[in-house]
$ cat start17.cif   # mmCIF, C-alpha atoms
data_model
#
loop_
_atom_site.label_atom_id
_atom_site.label_comp_id
_atom_site.auth_asym_id
_atom_site.auth_seq_id
_atom_site.Cartn_x
_atom_site.Cartn_y
_atom_site.Cartn_z
CA MET A 1 69.78 -21.15 16.83
CA THR A 2 66.77 -23.20 17.91
CA LYS A 3 66.57 -26.56 16.16
CA HIS A 4 64.04 -26.46 13.38
CA ILE A 5 61.69 -29.30 14.23
CA PRO A 6 59.26 -30.82 11.68
CA LEU A 7 56.39 -28.68 10.44
CA ASN A 8 52.94 -30.01 9.62
CA VAL A 9 49.74 -28.53 8.19
CA LEU A 10 46.29 -28.64 9.80
CA ASP A 11 43.48 -28.00 7.34
CA LEU A 12 39.83 -27.30 8.11
CA VAL A 13 38.81 -26.86 4.46
CA SER A 14 37.61 -23.32 5.04
CA VAL A 15 34.97 -21.84 2.74
CA SER A 16 35.44 -18.18 1.80
CA GLU A 17 32.66 -15.71 1.09
CA GLY A 18 31.68 -15.89 -2.58
CA ARG A 19 33.22 -19.34 -3.09
CA THR A 20 31.67 -22.80 -2.99
CA VAL A 21 32.32 -25.88 -0.89
CA SER A 22 33.71 -27.52 -4.02
CA ASP A 23 36.16 -24.62 -4.36
CA ALA A 24 37.22 -25.10 -0.74
CA ILE A 25 37.85 -28.83 -1.23
CA ASP A 26 39.85 -28.16 -4.39
CA ALA A 27 41.96 -25.58 -2.53
CA SER A 28 42.50 -28.05 0.31
CA MET A 29 43.78 -30.69 -2.10
CA GLU A 30 46.10 -28.11 -3.66
CA THR A 31 47.31 -27.37 -0.13
CA ALA A 32 48.12 -31.06 0.34
CA GLN A 33 50.04 -31.23 -2.92
CA LEU A 34 51.99 -28.09 -2.07
CA ALA A 35 52.81 -29.33 1.44
CA ASP A 36 54.03 -32.59 -0.08
CA LYS A 37 56.27 -30.76 -2.54
CA LEU A 38 57.66 -28.28 0.02
CA GLY A 39 58.73 -30.86 2.63
CA TYR A 40 56.09 -30.61 5.36
CA LYS A 41 55.92 -33.86 7.32
CA ARG A 42 52.17 -34.28 7.83
CA MET A 43 48.89 -32.96 6.47
CA TRP A 44 46.01 -33.45 8.90
CA PHE A 45 42.31 -32.77 8.41
CA ALA A 46 40.06 -31.70 11.27
CA GLU A 47 36.48 -32.82 11.92
CA HIS A 48 33.76 -30.21 12.34
CA HIS A 49 30.00 -30.36 11.81
CA ASN A 50 26.97 -28.10 11.29
CA GLY A 51 28.83 -25.10 9.90
CA THR A 52 28.96 -23.23 6.61
CA TYR A 53 32.50 -21.86 6.83
CA LEU A 54 34.24 -25.25 7.12
CA ALA A 55 33.94 -28.35 4.93
CA SER A 56 36.05 -30.73 7.02
CA MET A 57 33.22 -33.04 8.00
CA ALA A 58 33.98 -36.37 6.28
CA THR A 59 37.57 -36.54 7.48
CA SER A 60 38.49 -39.99 6.20
CA VAL A 61 37.15 -39.11 2.73
CA LEU A 62 39.38 -36.03 2.60
CA ILE A 63 42.35 -38.11 3.76
CA THR A 64 41.72 -40.63 0.99
CA ARG A 65 41.69 -38.01 -1.74
CA ALA A 66 44.70 -36.11 -0.39
CA ALA A 67 46.77 -39.28 0.01
CA ALA A 68 45.94 -40.30 -3.56
CA MET A 69 47.06 -36.89 -4.87
CA THR A 70 50.40 -36.83 -3.00
CA ASP A 71 53.49 -39.00 -2.92
CA ARG A 72 55.44 -38.58 0.32
CA ILE A 73 53.64 -36.63 3.02
CA ARG A 74 51.87 -38.41 5.89
CA VAL A 75 48.12 -37.73 5.80
CA GLY A 76 45.84 -38.08 8.79
CA SER A 77 43.13 -36.85 11.10
CA GLY A 78 43.46 -33.93 13.39
CA GLY A 79 41.22 -35.50 14.32
CA ILE A 80 38.60 -38.12 14.33
CA MET A 81 36.23 -37.07 17.11
CA LEU A 82 35.73 -40.51 18.59
CA PRO A 83 32.33 -39.94 20.27
CA ASN A 84 30.91 -39.41 16.76
CA HIS A 85 32.09 -42.80 15.49
CA ALA A 86 31.87 -46.50 16.22
CA PRO A 87 35.47 -47.55 17.01
CA LEU A 88 35.18 -50.64 14.78
CA GLN A 89 34.21 -48.43 11.84
CA VAL A 90 37.24 -46.23 12.54
CA ALA A 91 39.45 -49.33 12.57
CA GLU A 92 38.00 -50.46 9.26
CA ASP A 93 38.29 -47.02 7.64
CA PHE A 94 41.85 -46.35 8.74
CA GLY A 95 42.89 -49.95 8.22
CA THR A 96 41.73 -49.60 4.61
CA LEU A 97 43.64 -46.32 4.28
CA ALA A 98 46.78 -47.94 5.70
CA GLN A 99 46.47 -50.78 3.19
CA MET A 100 46.10 -48.31 0.33
CA PHE A 101 48.82 -45.91 1.49
CA PRO A 102 51.33 -47.89 3.60
CA ASN A 103 53.30 -45.96 6.24
CA ARG A 104 51.58 -42.67 5.35
CA ILE A 105 48.42 -42.62 7.53
CA ASP A 106 48.04 -41.02 11.01
CA LEU A 107 45.03 -41.35 13.30
CA GLY A 108 44.54 -38.42 15.67
CA LEU A 109 41.71 -38.97 18.14
CA GLY A 110 39.73 -36.44 20.15
CA ARG A 111 36.99 -36.54 22.80
CA ALA A 112 35.13 -33.37 21.79
CA PRO A 113 32.26 -33.70 19.29
CA GLY A 114 33.47 -30.84 17.10
CA THR A 115 30.02 -29.31 16.95
CA ASP A 116 27.02 -28.10 18.95
CA GLY A 117 25.05 -30.25 21.37
CA LEU A 118 22.13 -31.10 19.09
CA THR A 119 24.38 -32.14 16.20
CA ALA A 120 26.52 -34.15 18.63
CA GLN A 121 23.42 -36.12 19.64
CA LEU A 122 22.72 -36.95 16.00
CA LEU A 123 26.31 -38.13 15.49
CA SER A 124 26.89 -39.89 18.82
CA ARG A 125 28.23 -43.46 18.50
CA SER A 126 30.60 -44.00 21.47
CA GLY A 127 31.26 -42.50 24.89
CA ALA A 128 33.15 -39.26 25.49
CA GLU A 129 34.05 -39.93 29.13
CA PRO A 130 37.78 -40.48 29.75
CA GLN A 131 37.38 -44.18 30.54
CA ASP A 132 35.17 -44.77 27.50
CA PHE A 133 37.72 -42.92 25.36
CA ALA A 134 40.59 -45.00 26.76
CA ASN A 135 38.67 -48.25 26.23
CA SER A 136 37.96 -47.33 22.60
CA ILE A 137 41.64 -46.59 22.01
CA TYR A 138 42.56 -49.93 23.60
CA ASP A 139 40.17 -51.66 21.20
CA LEU A 140 41.58 -49.77 18.21
CA ILE A 141 45.12 -50.81 19.12
CA GLY A 142 43.91 -54.41 19.21
CA TRP A 143 42.20 -54.14 15.85
CA PHE A 144 45.37 -52.65 14.30
CA SER A 145 47.63 -55.30 15.90
CA ASP A 146 48.96 -58.42 14.24
CA GLU A 147 46.22 -60.41 16.00
CA GLY A 148 43.47 -58.04 14.82
CA GLN A 149 41.43 -58.60 18.00
CA ALA A 150 39.99 -55.93 20.29
CA HIS A 151 40.39 -56.10 24.06
CA SER A 152 36.69 -55.80 24.89
CA VAL A 153 35.14 -57.85 22.07
CA PRO A 154 37.25 -60.93 21.31
CA GLY A 155 36.17 -62.71 18.18
CA VAL A 156 35.45 -59.52 16.23
CA THR A 157 38.20 -58.54 13.79
CA SER A 158 38.70 -55.35 11.83
CA GLY A 159 39.91 -57.44 8.89
CA VAL A 160 41.61 -54.76 6.78
CA GLY A 161 43.11 -53.16 9.91
CA THR A 162 44.90 -56.27 11.11
CA GLY A 163 48.66 -55.77 11.21
CA THR A 164 48.58 -52.18 9.98
CA LYS A 165 49.65 -50.70 13.35
CA VAL A 166 48.27 -47.29 12.40
CA PRO A 167 50.03 -44.62 14.51
CA MET A 168 47.62 -42.99 16.94
CA TRP A 169 47.74 -39.59 18.65
CA VAL A 170 45.58 -38.14 21.41
CA LEU A 171 44.38 -34.63 20.64
CA GLY A 172 43.57 -32.24 23.44
CA SER A 173 43.16 -28.64 24.52
CA SER A 174 43.06 -29.06 28.29
CA VAL A 175 44.89 -30.58 31.24
CA ASN A 176 42.45 -33.49 31.02
CA GLY A 177 43.54 -34.24 27.47
CA ALA A 178 47.19 -33.96 28.45
CA SER A 179 46.71 -36.36 31.35
CA ILE A 180 44.82 -38.89 29.24
CA ALA A 181 47.52 -38.87 26.54
CA GLY A 182 50.24 -39.35 29.14
CA GLN A 183 48.48 -42.15 31.00
CA LEU A 184 47.78 -43.97 27.74
CA GLY A 185 51.43 -43.65 26.67
CA LEU A 186 50.54 -42.08 23.31
CA PRO A 187 51.81 -39.06 21.36
CA PHE A 188 49.97 -35.85 22.27
CA SER A 189 48.87 -33.03 19.98
CA LEU A 190 47.96 -29.89 21.93
CA ALA A 191 45.48 -27.43 20.41
CA THR A 192 47.42 -24.31 21.36
CA HIS A 193 46.23 -22.63 18.15
CA PHE A 194 42.81 -22.03 19.75
CA SER A 195 43.40 -22.87 23.44
CA PRO A 196 46.70 -21.16 24.33
CA ASP A 197 46.27 -20.69 28.07
CA ASP A 198 48.81 -22.44 30.32
CA PHE A 199 50.21 -24.53 27.49
CA GLU A 200 53.47 -25.09 29.38
CA LYS A 201 51.50 -26.56 32.30
CA LYS A 202 49.57 -28.89 29.97
CA LEU A 203 52.73 -30.12 28.29
CA ASP A 204 54.46 -30.61 31.63
CA LEU A 205 51.51 -32.66 32.86
CA TYR A 206 51.60 -34.81 29.73
CA ARG A 207 55.30 -35.50 30.17
CA SER A 208 55.10 -36.15 33.92
CA SER A 209 52.12 -38.51 33.59
CA PHE A 210 53.53 -40.43 30.64
CA ASN A 211 53.30 -44.19 31.16
CA SER A 212 55.34 -46.22 28.69
CA THR A 213 54.15 -49.48 30.30
CA ALA A 214 50.43 -48.82 29.77
CA PRO A 215 48.75 -51.50 27.61
CA THR A 216 47.85 -48.72 25.16
CA SER A 217 51.38 -47.32 24.93
CA LEU A 218 52.82 -47.13 21.41
CA ILE A 219 56.00 -45.14 22.16
CA ASP A 220 58.82 -45.30 24.71
CA LYS A 221 58.87 -41.64 25.79
CA PRO A 222 56.68 -38.53 25.56
CA TYR A 223 56.29 -37.04 22.12
CA ALA A 224 54.33 -33.82 21.68
CA MET A 225 53.09 -31.60 18.89
CA ALA A 226 51.53 -28.16 19.29
CA GLY A 227 49.31 -26.08 17.03
CA ILE A 228 50.28 -22.57 16.02
CA ASN A 229 48.56 -19.96 13.85
CA VAL A 230 50.82 -18.77 11.06
CA VAL A 231 50.57 -16.15 8.33
CA VAL A 232 53.73 -15.26 6.42
CA ALA A 233 53.78 -12.41 3.90
CA PRO A 234 56.54 -10.23 2.45
CA THR A 235 55.88 -7.55 5.09
CA ASP A 236 54.52 -7.43 8.63
CA GLU A 237 51.81 -5.04 7.50
CA GLU A 238 50.48 -7.33 4.77
CA ALA A 239 50.53 -10.35 7.08
CA GLN A 240 48.59 -8.43 9.73
CA SER A 241 45.96 -7.51 7.15
CA ILE A 242 45.55 -11.15 6.06
CA TRP A 243 45.39 -12.13 9.75
CA THR A 244 42.19 -10.10 10.22
CA THR A 245 40.29 -12.87 8.39
CA THR A 246 41.21 -15.25 11.23
CA GLN A 247 40.31 -12.68 13.87
CA ARG A 248 36.93 -12.09 12.27
CA MET A 249 36.34 -15.85 12.07
CA ILE A 250 36.97 -16.38 15.80
CA LEU A 251 34.63 -13.49 16.64
CA ASP A 252 31.98 -15.07 14.43
CA VAL A 253 32.40 -18.37 16.30
CA ARG A 254 31.95 -16.51 19.59
CA THR A 255 28.69 -14.92 18.46
CA GLY A 256 27.32 -17.97 16.65
CA ASN A 257 27.60 -16.32 13.24
CA ARG A 258 28.31 -19.24 10.90
CA ARG A 259 29.08 -17.22 7.79
CA PRO A 260 31.94 -18.11 5.42
CA LEU A 261 35.41 -16.60 5.87
CA GLN A 262 35.40 -12.86 5.34
CA PRO A 263 37.95 -10.82 3.35
CA PRO A 264 40.69 -8.97 5.22
CA VAL A 265 40.13 -5.50 6.59
CA ALA A 266 42.52 -2.88 7.86
CA PRO A 267 43.64 -3.91 11.37
CA GLU A 268 42.17 -0.73 12.82
CA ASP A 269 38.78 -1.71 11.36
CA MET A 270 38.75 -5.12 13.06
CA GLY A 271 36.15 -4.09 15.64
CA SER A 272 36.09 -2.71 19.15
CA ASP A 273 39.05 -2.87 21.50
CA GLN A 274 37.17 -5.54 23.45
CA GLU A 275 36.60 -7.66 20.33
CA ARG A 276 40.22 -7.39 19.27
CA ALA A 277 41.36 -8.33 22.77
CA PHE A 278 39.12 -11.41 22.77
CA ALA A 279 40.39 -12.54 19.36
CA GLU A 280 44.00 -12.14 20.46
CA SER A 281 43.38 -13.98 23.73
CA MET A 282 42.08 -16.99 21.80
CA LEU A 283 44.77 -16.84 19.12
CA ASN A 284 47.87 -15.59 20.88
CA VAL A 285 49.96 -18.63 19.99
CA LYS A 286 50.78 -17.29 16.57
CA ALA A 287 53.52 -16.26 14.18
CA VAL A 288 52.22 -13.52 11.90
CA GLY A 289 54.45 -11.26 9.86
CA SER A 290 57.38 -11.12 7.49
CA PRO A 291 59.68 -14.16 7.19
CA GLU A 292 62.10 -12.81 9.80
CA THR A 293 59.29 -11.97 12.23
CA VAL A 294 57.76 -15.42 11.83
CA ARG A 295 61.09 -17.20 12.17
CA LYS A 296 61.75 -15.52 15.52
CA GLU A 297 58.24 -16.16 16.83
CA LEU A 298 58.33 -19.83 15.83
CA GLU A 299 61.75 -20.36 17.37
CA ASP A 300 60.65 -18.64 20.58
CA PHE A 301 57.57 -20.85 20.83
CA VAL A 302 59.55 -24.04 20.18
CA GLU A 303 62.02 -23.08 22.91
CA ARG A 304 59.25 -22.28 25.41
CA SER A 305 57.20 -25.40 24.69
CA GLY A 306 59.92 -27.96 23.98
CA VAL A 307 57.59 -29.73 21.54
CA ASP A 308 58.85 -32.25 19.01
CA GLU A 309 56.75 -31.01 16.07
CA LEU A 310 54.59 -28.02 15.14
CA ILE A 311 51.31 -28.14 13.26
CA VAL A 312 50.45 -24.95 11.42
CA MET A 313 46.96 -23.46 11.04
CA THR A 314 46.51 -20.79 8.35
CA TYR A 315 43.16 -19.25 7.52
CA ALA A 316 43.12 -17.06 4.43
CA TYR A 317 40.22 -15.60 2.49
CA ASP A 318 42.21 -15.95 -0.73
CA PRO A 319 43.79 -19.42 -1.08
CA GLU A 320 46.72 -17.84 -2.91
CA ASP A 321 47.65 -16.00 0.29
CA LYS A 322 47.76 -19.35 2.10
CA PHE A 323 49.87 -20.97 -0.61
CA ARG A 324 52.34 -18.08 -0.54
CA SER A 325 52.49 -18.27 3.26
CA MET A 326 53.30 -21.99 3.07
CA LYS A 327 56.08 -21.37 0.53
CA LEU A 328 57.62 -18.54 2.55
CA LEU A 329 57.40 -20.63 5.71
CA ALA A 330 59.13 -23.55 4.02
CA ASP A 331 61.89 -21.24 2.75
CA LEU A 332 62.62 -19.87 6.21
CA TRP A 333 62.32 -23.15 8.15
CA PHE A 334 63.50 -26.11 6.08
#
$ encode --input "start17.cif" --output "structure tokens"
Amino acid sequence: MTKHIPLNVLDLVSVSEGRTVSDAIDASMETAQLADKLGYKRMWFAEHHNGTYLASMATSVLITRAAAMTDRIRVGSGGIMLPNHAPLQVAEDFGTLAQMFPNRIDLGLGRAPGTDGLTAQLLSRSGAEPQDFANSIYDLIGWFSDEGQAHSVPGVTSGVGTGTKVPMWVLGSSVNGASIAGQLGLPFSLATHFSPDDFEKKLDLYRSSFNSTAPTSLIDKPYAMAGINVVVAPTDEEAQSIWTTTQRMILDVRTGNRRPLQPPVAPEDMGSDQERAFAESMLNVKAVGSPETVRKELEDFVERSGVDELIVMTYAYDPEDKFRSMKLLADLWF
């Protein structure tokens, strides 16, 4: 049987139709507490802006609350979209978190803005070009080091970040992201949950380009995580019904419809054949079904990808469906 590698949870603090943002944040914190209790390794929060169906905008604030409400699980960013932030502020925020919650904080970094172009302009603080991204990471490593000094701005310290050595990951959905992670010698988290095409090629590129001697390198050998969409229910039929909420969400994203998450519908009522095909093309790295169905699909994906960890994305209109899915997944995997 395929080795059961660590499982993690990615949360976007989704807002369901008829519920409030406050409800969504409360459900997200309950997700963190449940993941902590069930044995998941990490709970990461994404960063998205200018939307009504997601409340994962102030990522470090969510991390702070979730870490305070849990005991064991690592809590982090999946990710901090670095172009939206001044690197020194990131070092200070995550240095503070590492001081408050020692050995429990992860810093995942991405180059995409996590929003539309106009909103990205309003948020922009640092460069998104590969070299700018690499330079910012180099500075962050310096600010988290025992010396607490950045490469590009000697004499400026992060203070609270000094000596914390916060673990950093590069997030990516493309061959460019894979190459950057490899060249920097950092762990790589691949967004296969929404960008599934050629994932084997991207992971191979990351591994082949890995440079353990880079000044930014924090690990000795490649280490990869991949995202996967998961819905577990007692039967395949019920899981497929719950899954239609995710399909409807991705179609809304495609058309610019920023409404909250919609309730499930019968699979045959999901839309046209073309719409269903588009949703499946975007979301085909998935494990949706009964426990036995999901176990097989997860094991098959782990064997194909060779990743070291999985990070699970579960959208559900009813938070109780998500909680049940997490419990069933833990029962079949741990």
$ resolve_selection --input "start17.cif" --expression "the PyMOL selection byres ((chain A and resi 92-104) around 6)" --output "MDAnalysis selection string"
chainID A and resid 74 89:91 105 158 160:161
$ write_last_selection --input "start17.cif" --atoms "C-alpha atoms" --output "mmCIF file, in the coordinates of the input"
data_model
loop_
_atom_site.group_PDB
_atom_site.id
_atom_site.type_symbol
_atom_site.label_atom_id
_atom_site.label_comp_id
_atom_site.auth_asym_id
_atom_site.auth_seq_id
_atom_site.Cartn_x
_atom_site.Cartn_y
_atom_site.Cartn_z
ATOM 1 C CA ARG A 74 51.870 -38.410 5.890
ATOM 2 C CA GLN A 89 34.210 -48.430 11.840
ATOM 3 C CA VAL A 90 37.240 -46.230 12.540
ATOM 4 C CA ALA A 91 39.450 -49.330 12.570
ATOM 5 C CA ILE A 105 48.420 -42.620 7.530
ATOM 6 C CA SER A 158 38.700 -55.350 11.830
ATOM 7 C CA VAL A 160 41.610 -54.760 6.780
ATOM 8 C CA GLY A 161 43.110 -53.160 9.910
#
$ closest_residue --input "start17.cif" --among "A:Glu268, A:Glu47, A:Asp318, A:Asp331" --to "Asp23 in chain A" --atoms "all atoms listed in the file"
A:Asp318
$ atom_distance --input "start17.cif" --atom1 "CA of Gly114 in chain A" --atom2 "CA of Arg276 in chain A"
24.5 Å
$ resolve_selection --input "start17.cif" --expression "the PyMOL selection byres ((chain A and resi 51) around 9)" --output "list in words"
His48, His49, Asn50, Thr52, Tyr53, Leu54, Ala55, Thr115, Arg258, Arg259 and Pro260 of chain A
$ write_last_selection --input "start17.cif" --atoms "C-alpha atoms" --output "tab-separated table (two decimals), keeping the file's coordinate frame"
chain	number	residue	atom	x	y	z
A	48	HIS	CA	33.76	-30.21	12.34
A	49	HIS	CA	30.00	-30.36	11.81
A	50	ASN	CA	26.97	-28.10	11.29
A	52	THR	CA	28.96	-23.23	6.61
A	53	TYR	CA	32.50	-21.86	6.83
A	54	LEU	CA	34.24	-25.25	7.12
A	55	ALA	CA	33.94	-28.35	4.93
A	115	THR	CA	30.02	-29.31	16.95
A	258	ARG	CA	28.31	-19.24	10.90
A	259	ARG	CA	29.08	-17.22	7.79
A	260	PRO	CA	31.94	-18.11	5.42
$ closest_residue --input "start17.cif" --among "A:Ala224, A:Met282, A:Ala128, A:Ile25" --to "Pro6 in chain A" --atoms "only C-alpha atoms"
A:Ala224
$ resolve_selection --input "start17.cif" --expression "the PyMOL selection byres ((chain A and resi 11) around 10)" --output "ChimeraX atom specification"
/A:8-10,12-14,28-29,31-32,43-47,54-56,77-78,311-315
$ closest_residue --input "start17.cif" --among "A:Ser22, A:Asn211, A:Ile73, A:Glu237" --to "Gly39 in chain A" --atoms "all atoms listed in the file"
A:Ile73
$ axis_aligned_box --input "start17.cif" --around "range 214-227 of chain A" --padding-each-side "6 Å" --output "JSON"
{"center_x": 53.4, "center_y": -38.8, "center_z": 23.4, "size_x": 23.0, "size_y": 37.4, "size_z": 24.7}
$ atom_distance --input "start17.cif" --atom1 "CA of Val253 in chain A" --atom2 "CA of Leu205 in chain A"
29.0 Å
$ closest_residue --input "start17.cif" --among "A:Met57, A:Leu122, A:Thr157, A:Ser325" --to "Val21 in chain A" --atoms "all atoms listed in the file"
A:Met57
$ atom_distance --input "start17.cif" --atom1 "CA of Lys202 in chain A" --atom2 "CA of Ala226 in chain A"
10.9 Å
